[in-house]
Structure formats: structure tokens, C-alpha cells
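What follows is a single structure, written as C-alpha cells, with notes after it.
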Amino acid sequence: MPILNKDMQVCMSLAARPSNIGTRFHNYLYDELGLNFIYKAFTTTDLEGAVRGIRALGIRGCSVSMPFKEAIIPLVDVMEPSALAIESVNTVVNDNGVLTASNTDYEAVAALLAEHQVDSGQRVLLRGSGGMAKAVVAAFRGAGFDDLTIVARNEELGRALAERYDYDWVAEDPAPEFDVIVNVTPLGMRGDTESTVSFGPEHIARASTVFDVVAFPSETPLIAAGRAAGKHLITGAEVIALQAARQFERYTGVPLTAEQVARASEFSRAE
């Protein structure tokens, strides 16, 4: 990494529970490619103040995580279609004080569904109704999935999300009749719920594909259970690496190869 200097571009992340994954991912690539950038993770209880700081100090880019993905919308200037369509932001780019928001979570999930060749004719059960759930549900709809059920205890959010994409909503787990199960909640995330399996054994046994967007740890209880049962897996580690690569390209203007993304992703997890 170059010595700090006045011309260095600064990028950052805002999250309720910051991790070093994004910091290590971006800084690894800045170093490998010889870019005069640095990346730092933050949390805040003053989102408006943080956004004013991004604008005033010329922070080049900002990754946005829970619980700020929706709250940041009125604070930016331009919404790209990927963020506007789902009313959820995970990336902000600062061009001379003009803040443009996008959603690379949506882009990453859409790309992974195609890469893993998940059959759009299969039945999907998805747990969650927050900002990330919007991105994932929209990606499934965009990929042509017609049979998807959202399970969420928050009826207002769950029902609204389901109706928006012409899907079904339930408050409690339905019968295990689904080919794809997807966790888009913090269940299994490092912390208070890290030992929680987000779906029961009957649903795991019935499914052919197990998808968990939780990235930290990469081997969540759901992914571990799916692996033990011999299921096809899509992990949060894949999602976070791909969405971070899209962010990197927006911040720097430098396209990445699959090999560069893989190396940075491996390094980001080698703490």
C-alpha cells in the first residue's frame, strides 16, 4: 500500500456490525494493482452526519450495509435503476459532491443464480423481508422464478415485498415442499445468532439448493447443514465477493478478472 498522501482516494463502509472482510478485500486489490486508494470500515448512529461527511470530505465511495440500506435513500442525489427498482442501496459513489446510489447485491445475486444454473421452474422458500431481501427477491423475479414464498414474521414488510413481486407471504414456516431455500436474515451471522440454523432439517432434506446470504462466517450453520446433506450450495461468501468486485469497479474504474476477485476474497477471509 502506498504511503498516505494528499492525493489518496478514500473509500469506506457503513454497517451496524462492521467486519474486516470488505476492508481486506478492497485494500488487497489496491495494493496488488498499485492504486492510490485506501478503504476503512465504520459504524455510526448519525447517518445524516456520515453522509454529509462523505460529500464534504470527498470520500470517493461508500458501501452500505444493514440497517442503512433504505434510510440512506433520501440522502443521495441520484438513484441508479438497480437501487431505484428495489428501494435499497448498498453502494454510493461520490463524483465531485454528487452522490450516486446503486445496488450491487442485486447484481451479484442475479449473476450467481445464472452461474449456478438454478432452475427457474423450481419452488423457492425465502426467509427475510429487509433491505437485502428486496435485492434477492428482485433477482429471483428477474431470473424468471414464478413460484417463491417469503416467510417473515413482520407481516407488513413481508406481505408488501411479496405483493410487489407477485409472490406469496407466510408468517410461519410452511410444509417442506421447496426445491430452493434461501436465508436473507441475520440468523447464523457471527454474534448472538451464530449457532442458529435458519431452516429446519425437513426443509434442508427436501431442498436441492441451499442459499445463505450471510457472509460472516462463510460456513454458517445452514451452509454446514446443507453441505452435510449433500446439497448444492450458494454462499454469502460468493455474494459478498461478487458485490464487492462490482463496487470496486465503480469506485476505481478498473475492471477485475475472476482470478483477482478470487484472490482478494480468499485474503479477506484469512484473518
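Quick note on naming: the chains in the C-alpha cells go A, B, ... in the order shown, residues restart at 1 in each chain, and ligands are numbered from 1 in order of appearance.
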What are the nearest atom pairs, with distances in Å to one decimal, for all residues of stretch 181-269 of chain A that come at most 9 Å from stretch 54-77 of chain A, using only C-alpha atoms, set out by chain and rising residue number as JSON lines?
```
{"residue": "A:Ala244", "atom": "CA", "partner": "A:Ser63", "partner_atom": "CA", "distance": 8.5}
{"residue": "A:Gln247", "atom": "CA", "partner": "A:Ser63", "partner_atom": "CA", "distance": 7.6}
{"residue": "A:Phe248", "atom": "CA", "partner": "A:Gly61", "partner_atom": "CA", "distance": 8.9}
{"residue": "A:Arg250", "atom": "CA", "partner": "A:Gly61", "partner_atom": "CA", "distance": 8.3}
{"residue": "A:Tyr251", "atom": "CA", "partner": "A:Gly61", "partner_atom": "CA", "distance": 5.7}
{"residue": "A:Thr252", "atom": "CA", "partner": "A:Arg60", "partner_atom": "CA", "distance": 8.8}
```
Could you write out the selected residues, including C-alpha atoms, as a PDB file, in the first residue's frame?
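So the final result, stored in result_12.pdb, reads:
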```
ATOM      1  CA  ALA A 244     -17.587  -6.049  -3.617  1.00  0.00           C
ATOM      2  CA  GLN A 247     -18.266  -1.817  -6.026  1.00  0.00           C
ATOM      3  CA  PHE A 248     -14.503  -1.823  -6.591  1.00  0.00           C
ATOM      4  CA  ARG A 250     -17.402   1.623  -9.663  1.00  0.00           C
ATOM      5  CA  TYR A 251     -15.016   3.307  -7.224  1.00  0.00           C
ATOM      6  CA  THR A 252     -11.832   2.895  -9.258  1.00  0.00           C
TER       7      THR A 252
END
```
From the DSSP assignment of the backbone, select every residue of stretch 17-229 of chain A that is alpha helix (DSSP H), and format the answer as a count of residues only.
76
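Distances from A:Thr104, A:Asn154, A:Thr149, A:Thr43 to A:Leu126 were compared using only C-alpha atoms, and the smallest one belongs to A:Thr149.
Shortest separation to A:Asn183 among A:Asp212, A:Glu219, A:Glu156, A:Asp168 occurs at residue A:Asp212, atoms counted being only C-alpha atoms.
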Which of stretch 33-257 of chain A fall in strand (DSSP E or B), as JSON, numbers by chain:
{"A": [37, 38, 39, 40, 41, 42, 61, 62, 63, 64, 78, 79, 91, 92, 93, 94, 95, 98, 99, 100, 101, 102, 124, 125, 126, 127, 148, 149, 150, 151, 168, 169, 170, 180, 181, 182, 183, 209, 210, 211, 212, 232, 233, 234]}
A:Ala207: which residues within 8 Å, counting only C-alpha atoms, same-chain residues fewer than 5 positions away excluded, as a ChimeraX atom specification?
/A:177-181,231
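Our summary of the geometry notes that atom CA of A:Ala111 is positioned 21.3 Å from atom CA of A:Gly226.
Between atom CA of A:Pro18 and atom CA of A:Glu259 lies a distance of 25.8 Å.
Closest approach to A:Leu161 among A:Asp31, A:Pro174, A:Ile86, A:Leu233 is made by A:Ile86 (distances from only C-alpha atoms).
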Give me the residues within 10 Å of stretch 186-202 of chain A as a PDB file with N, CA, C and O atoms, in the first residue's frame, counting only C-alpha atoms and dropping any in the same chain fewer than 3 places off.
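Once written, result.pdb looks like this:
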```pdb
ATOM      1  N   ARG A  17     -22.715  -3.619  12.177  1.00  0.00           N
ATOM      2  CA  ARG A  17     -21.680  -4.508  12.716  1.00  0.00           C
ATOM      3  C   ARG A  17     -20.570  -4.656  11.680  1.00  0.00           C
ATOM      4  O   ARG A  17     -20.526  -5.626  10.922  1.00  0.00           O
ATOM      5  N   MET A  66     -26.670  -3.263   6.418  1.00  0.00           N
ATOM      6  CA  MET A  66     -27.747  -3.147   7.395  1.00  0.00           C
ATOM      7  C   MET A  66     -27.291  -2.300   8.577  1.00  0.00           C
ATOM      8  O   MET A  66     -26.148  -2.458   9.028  1.00  0.00           O
ATOM      9  N   LEU A 125     -38.299 -21.076  -1.214  1.00  0.00           N
ATOM     10  CA  LEU A 125     -38.733 -20.558   0.080  1.00  0.00           C
ATOM     11  C   LEU A 125     -37.642 -19.628   0.587  1.00  0.00           C
ATOM     12  O   LEU A 125     -36.493 -20.043   0.756  1.00  0.00           O
ATOM     13  N   LEU A 126     -37.995 -18.376   0.820  1.00  0.00           N
ATOM     14  CA  LEU A 126     -37.021 -17.358   1.211  1.00  0.00           C
ATOM     15  C   LEU A 126     -37.412 -16.758   2.551  1.00  0.00           C
ATOM     16  O   LEU A 126     -38.547 -16.323   2.731  1.00  0.00           O
ATOM     17  N   ARG A 127     -36.456 -16.735   3.493  1.00  0.00           N
ATOM     18  CA  ARG A 127     -36.702 -16.170   4.809  1.00  0.00           C
ATOM     19  C   ARG A 127     -36.086 -14.780   4.885  1.00  0.00           C
ATOM     20  O   ARG A 127     -34.888 -14.609   4.678  1.00  0.00           O
ATOM     21  N   GLY A 128     -36.947 -13.764   5.184  1.00  0.00           N
ATOM     22  CA  GLY A 128     -36.450 -12.402   5.348  1.00  0.00           C
ATOM     23  C   GLY A 128     -37.300 -11.392   4.610  1.00  0.00           C
ATOM     24  O   GLY A 128     -37.994 -11.730   3.644  1.00  0.00           O
ATOM     25  N   ASP A 173     -43.153 -21.057   9.008  1.00  0.00           N
ATOM     26  CA  ASP A 173     -42.650 -21.992   8.005  1.00  0.00           C
ATOM     27  C   ASP A 173     -43.767 -22.869   7.453  1.00  0.00           C
ATOM     28  O   ASP A 173     -44.496 -23.518   8.230  1.00  0.00           O
ATOM     29  N   ALA A 175     -45.062 -26.167   4.941  1.00  0.00           N
ATOM     30  CA  ALA A 175     -44.599 -27.555   4.819  1.00  0.00           C
ATOM     31  C   ALA A 175     -43.343 -27.593   3.946  1.00  0.00           C
ATOM     32  O   ALA A 175     -43.162 -26.755   3.061  1.00  0.00           O
ATOM     33  N   PRO A 176     -42.471 -28.560   4.172  1.00  0.00           N
ATOM     34  CA  PRO A 176     -41.227 -28.658   3.392  1.00  0.00           C
ATOM     35  C   PRO A 176     -41.480 -29.175   1.972  1.00  0.00           C
ATOM     36  O   PRO A 176     -41.336 -30.375   1.694  1.00  0.00           O
ATOM     37  N   GLU A 177     -41.841 -28.265   1.092  1.00  0.00           N
ATOM     38  CA  GLU A 177     -42.182 -28.624  -0.290  1.00  0.00           C
ATOM     39  C   GLU A 177     -41.360 -27.819  -1.296  1.00  0.00           C
ATOM     40  O   GLU A 177     -41.760 -27.686  -2.448  1.00  0.00           O
ATOM     41  N   ILE A 181     -34.017 -23.246  -0.793  1.00  0.00           N
ATOM     42  CA  ILE A 181     -34.260 -22.488   0.435  1.00  0.00           C
ATOM     43  C   ILE A 181     -33.188 -21.407   0.554  1.00  0.00           C
ATOM     44  O   ILE A 181     -32.011 -21.642   0.281  1.00  0.00           O
ATOM     45  N   VAL A 182     -33.632 -20.203   0.947  1.00  0.00           N
ATOM     46  CA  VAL A 182     -32.751 -19.038   0.946  1.00  0.00           C
ATOM     47  C   VAL A 182     -32.897 -18.296   2.265  1.00  0.00           C
ATOM     48  O   VAL A 182     -34.002 -17.884   2.631  1.00  0.00           O
ATOM     49  N   ASN A 183     -31.786 -18.095   2.971  1.00  0.00           N
ATOM     50  CA  ASN A 183     -31.805 -17.295   4.193  1.00  0.00           C
ATOM     51  C   ASN A 183     -31.301 -15.897   3.891  1.00  0.00           C
ATOM     52  O   ASN A 183     -30.164 -15.708   3.455  1.00  0.00           O
ATOM     53  N   ALA A 205     -33.580 -31.204   4.063  1.00  0.00           N
ATOM     54  CA  ALA A 205     -33.626 -32.520   3.425  1.00  0.00           C
ATOM     55  C   ALA A 205     -34.383 -32.479   2.104  1.00  0.00           C
ATOM     56  O   ALA A 205     -34.000 -33.143   1.134  1.00  0.00           O
ATOM     57  N   ARG A 206     -35.459 -31.688   2.035  1.00  0.00           N
ATOM     58  CA  ARG A 206     -36.295 -31.634   0.832  1.00  0.00           C
ATOM     59  C   ARG A 206     -35.638 -30.814  -0.276  1.00  0.00           C
ATOM     60  O   ARG A 206     -35.815 -31.103  -1.473  1.00  0.00           O
ATOM     61  N   ALA A 207     -34.860 -29.806   0.072  1.00  0.00           N
ATOM     62  CA  ALA A 207     -34.315 -28.880  -0.923  1.00  0.00           C
ATOM     63  C   ALA A 207     -33.185 -29.521  -1.719  1.00  0.00           C
ATOM     64  O   ALA A 207     -32.484 -30.420  -1.244  1.00  0.00           O
ATOM     65  N   VAL A 210     -29.305 -24.979  -1.324  1.00  0.00           N
ATOM     66  CA  VAL A 210     -29.320 -24.219  -0.075  1.00  0.00           C
ATOM     67  C   VAL A 210     -28.499 -22.957  -0.296  1.00  0.00           C
ATOM     68  O   VAL A 210     -27.333 -23.019  -0.681  1.00  0.00           O
ATOM     69  N   ASP A 212     -27.459 -19.215   1.452  1.00  0.00           N
ATOM     70  CA  ASP A 212     -27.422 -18.362   2.641  1.00  0.00           C
ATOM     71  C   ASP A 212     -26.642 -17.106   2.286  1.00  0.00           C
ATOM     72  O   ASP A 212     -25.480 -17.187   1.884  1.00  0.00           O
ATOM     73  N   VAL A 213     -27.255 -15.929   2.425  1.00  0.00           N
ATOM     74  CA  VAL A 213     -26.558 -14.694   2.083  1.00  0.00           C
ATOM     75  C   VAL A 213     -25.633 -14.208   3.199  1.00  0.00           C
ATOM     76  O   VAL A 213     -24.834 -13.293   2.993  1.00  0.00           O
ATOM     77  N   VAL A 214     -25.728 -14.814   4.405  1.00  0.00           N
ATOM     78  CA  VAL A 214     -24.833 -14.425   5.494  1.00  0.00           C
ATOM     79  C   VAL A 214     -23.392 -14.742   5.086  1.00  0.00           C
ATOM     80  O   VAL A 214     -23.078 -15.872   4.697  1.00  0.00           O
ATOM     81  N   ALA A 215     -22.534 -13.727   5.181  1.00  0.00           N
ATOM     82  CA  ALA A 215     -21.165 -13.872   4.691  1.00  0.00           C
ATOM     83  C   ALA A 215     -20.133 -14.057   5.795  1.00  0.00           C
ATOM     84  O   ALA A 215     -18.990 -14.398   5.517  1.00  0.00           O
ATOM     85  N   PHE A 216     -20.525 -13.814   7.036  1.00  0.00           N
ATOM     86  CA  PHE A 216     -19.552 -13.838   8.119  1.00  0.00           C
ATOM     87  C   PHE A 216     -20.159 -14.526   9.330  1.00  0.00           C
ATOM     88  O   PHE A 216     -21.006 -13.929   9.997  1.00  0.00           O
ATOM     89  N   PRO A 217     -19.856 -15.806   9.535  1.00  0.00           N
ATOM     90  CA  PRO A 217     -18.842 -16.611   8.862  1.00  0.00           C
ATOM     91  C   PRO A 217     -19.338 -17.170   7.525  1.00  0.00           C
ATOM     92  O   PRO A 217     -20.554 -17.211   7.285  1.00  0.00           O
ATOM     93  N   SER A 218     -18.415 -17.611   6.684  1.00  0.00           N
ATOM     94  CA  SER A 218     -18.818 -18.165   5.391  1.00  0.00           C
ATOM     95  C   SER A 218     -19.489 -19.522   5.546  1.00  0.00           C
ATOM     96  O   SER A 218     -20.375 -19.872   4.768  1.00  0.00           O
ATOM     97  N   GLU A 219     -19.066 -20.287   6.559  1.00  0.00           N
ATOM     98  CA  GLU A 219     -19.686 -21.587   6.823  1.00  0.00           C
ATOM     99  C   GLU A 219     -20.704 -21.404   7.933  1.00  0.00           C
ATOM    100  O   GLU A 219     -20.451 -21.699   9.112  1.00  0.00           O
ATOM    101  N   THR A 220     -21.871 -20.894   7.570  1.00  0.00           N
ATOM    102  CA  THR A 220     -22.934 -20.694   8.548  1.00  0.00           C
ATOM    103  C   THR A 220     -23.519 -22.056   8.942  1.00  0.00           C
ATOM    104  O   THR A 220     -23.288 -23.070   8.266  1.00  0.00           O
ATOM    105  N   PRO A 221     -24.290 -22.110  10.016  1.00  0.00           N
ATOM    106  CA  PRO A 221     -24.938 -23.382  10.363  1.00  0.00           C
ATOM    107  C   PRO A 221     -25.799 -23.932   9.223  1.00  0.00           C
ATOM    108  O   PRO A 221     -25.843 -25.149   9.021  1.00  0.00           O
ATOM    109  N   LEU A 222     -26.469 -23.052   8.477  1.00  0.00           N
ATOM    110  CA  LEU A 222     -27.286 -23.528   7.355  1.00  0.00           C
ATOM    111  C   LEU A 222     -26.412 -24.129   6.257  1.00  0.00           C
ATOM    112  O   LEU A 222     -26.727 -25.199   5.716  1.00  0.00           O
ATOM    113  N   ILE A 223     -25.331 -23.452   5.910  1.00  0.00           N
ATOM    114  CA  ILE A 223     -24.437 -23.971   4.873  1.00  0.00           C
ATOM    115  C   ILE A 223     -23.800 -25.285   5.327  1.00  0.00           C
ATOM    116  O   ILE A 223     -23.677 -26.243   4.556  1.00  0.00           O
ATOM    117  N   ALA A 224     -23.406 -25.349   6.597  1.00  0.00           N
ATOM    118  CA  ALA A 224     -22.823 -26.593   7.121  1.00  0.00           C
ATOM    119  C   ALA A 224     -23.821 -27.742   7.039  1.00  0.00           C
ATOM    120  O   ALA A 224     -23.471 -28.867   6.650  1.00  0.00           O
ATOM    121  N   ALA A 225     -25.081 -27.462   7.378  1.00  0.00           N
ATOM    122  CA  ALA A 225     -26.111 -28.499   7.318  1.00  0.00           C
ATOM    123  C   ALA A 225     -26.383 -28.911   5.881  1.00  0.00           C
ATOM    124  O   ALA A 225     -26.566 -30.093   5.580  1.00  0.00           O
ATOM    125  N   GLY A 226     -26.414 -27.921   4.975  1.00  0.00           N
ATOM    126  CA  GLY A 226     -26.614 -28.230   3.573  1.00  0.00           C
ATOM    127  C   GLY A 226     -25.473 -29.048   2.999  1.00  0.00           C
ATOM    128  O   GLY A 226     -25.683 -29.983   2.216  1.00  0.00           O
ATOM    129  N   ALA A 229     -25.672 -32.584   4.072  1.00  0.00           N
ATOM    130  CA  ALA A 229     -26.766 -33.293   3.399  1.00  0.00           C
ATOM    131  C   ALA A 229     -26.523 -33.447   1.898  1.00  0.00           C
ATOM    132  O   ALA A 229     -27.376 -33.984   1.192  1.00  0.00           O
TER     133      ALA A 229
END
```
Just want the 8 Å neighbourhood of A:Phe37, counted on only C-alpha atoms, with same-chain residues fewer than 4 positions away dropped. Output as number ranges by chain.
A: 8-11, 27, 30
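For the choices A:Leu157, A:Met12, A:Leu35, A:Ile234, the atom-to-atom distance to A:Ala114 is smallest for A:Ile234 when using only C-alpha atoms.
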So what do you get for atom CA of A:Phe145 versus atom CA of A:Thr209, distance-wise?
14.2 Å
Neighbouring residues of A:Leu148 were defined as those with any atom within 6 Å, considering only C-alpha atoms; residues of the same chain fewer than 4 positions away were excluded. Please report them as a PyMOL selection string.
chain A and resi 123-125+167
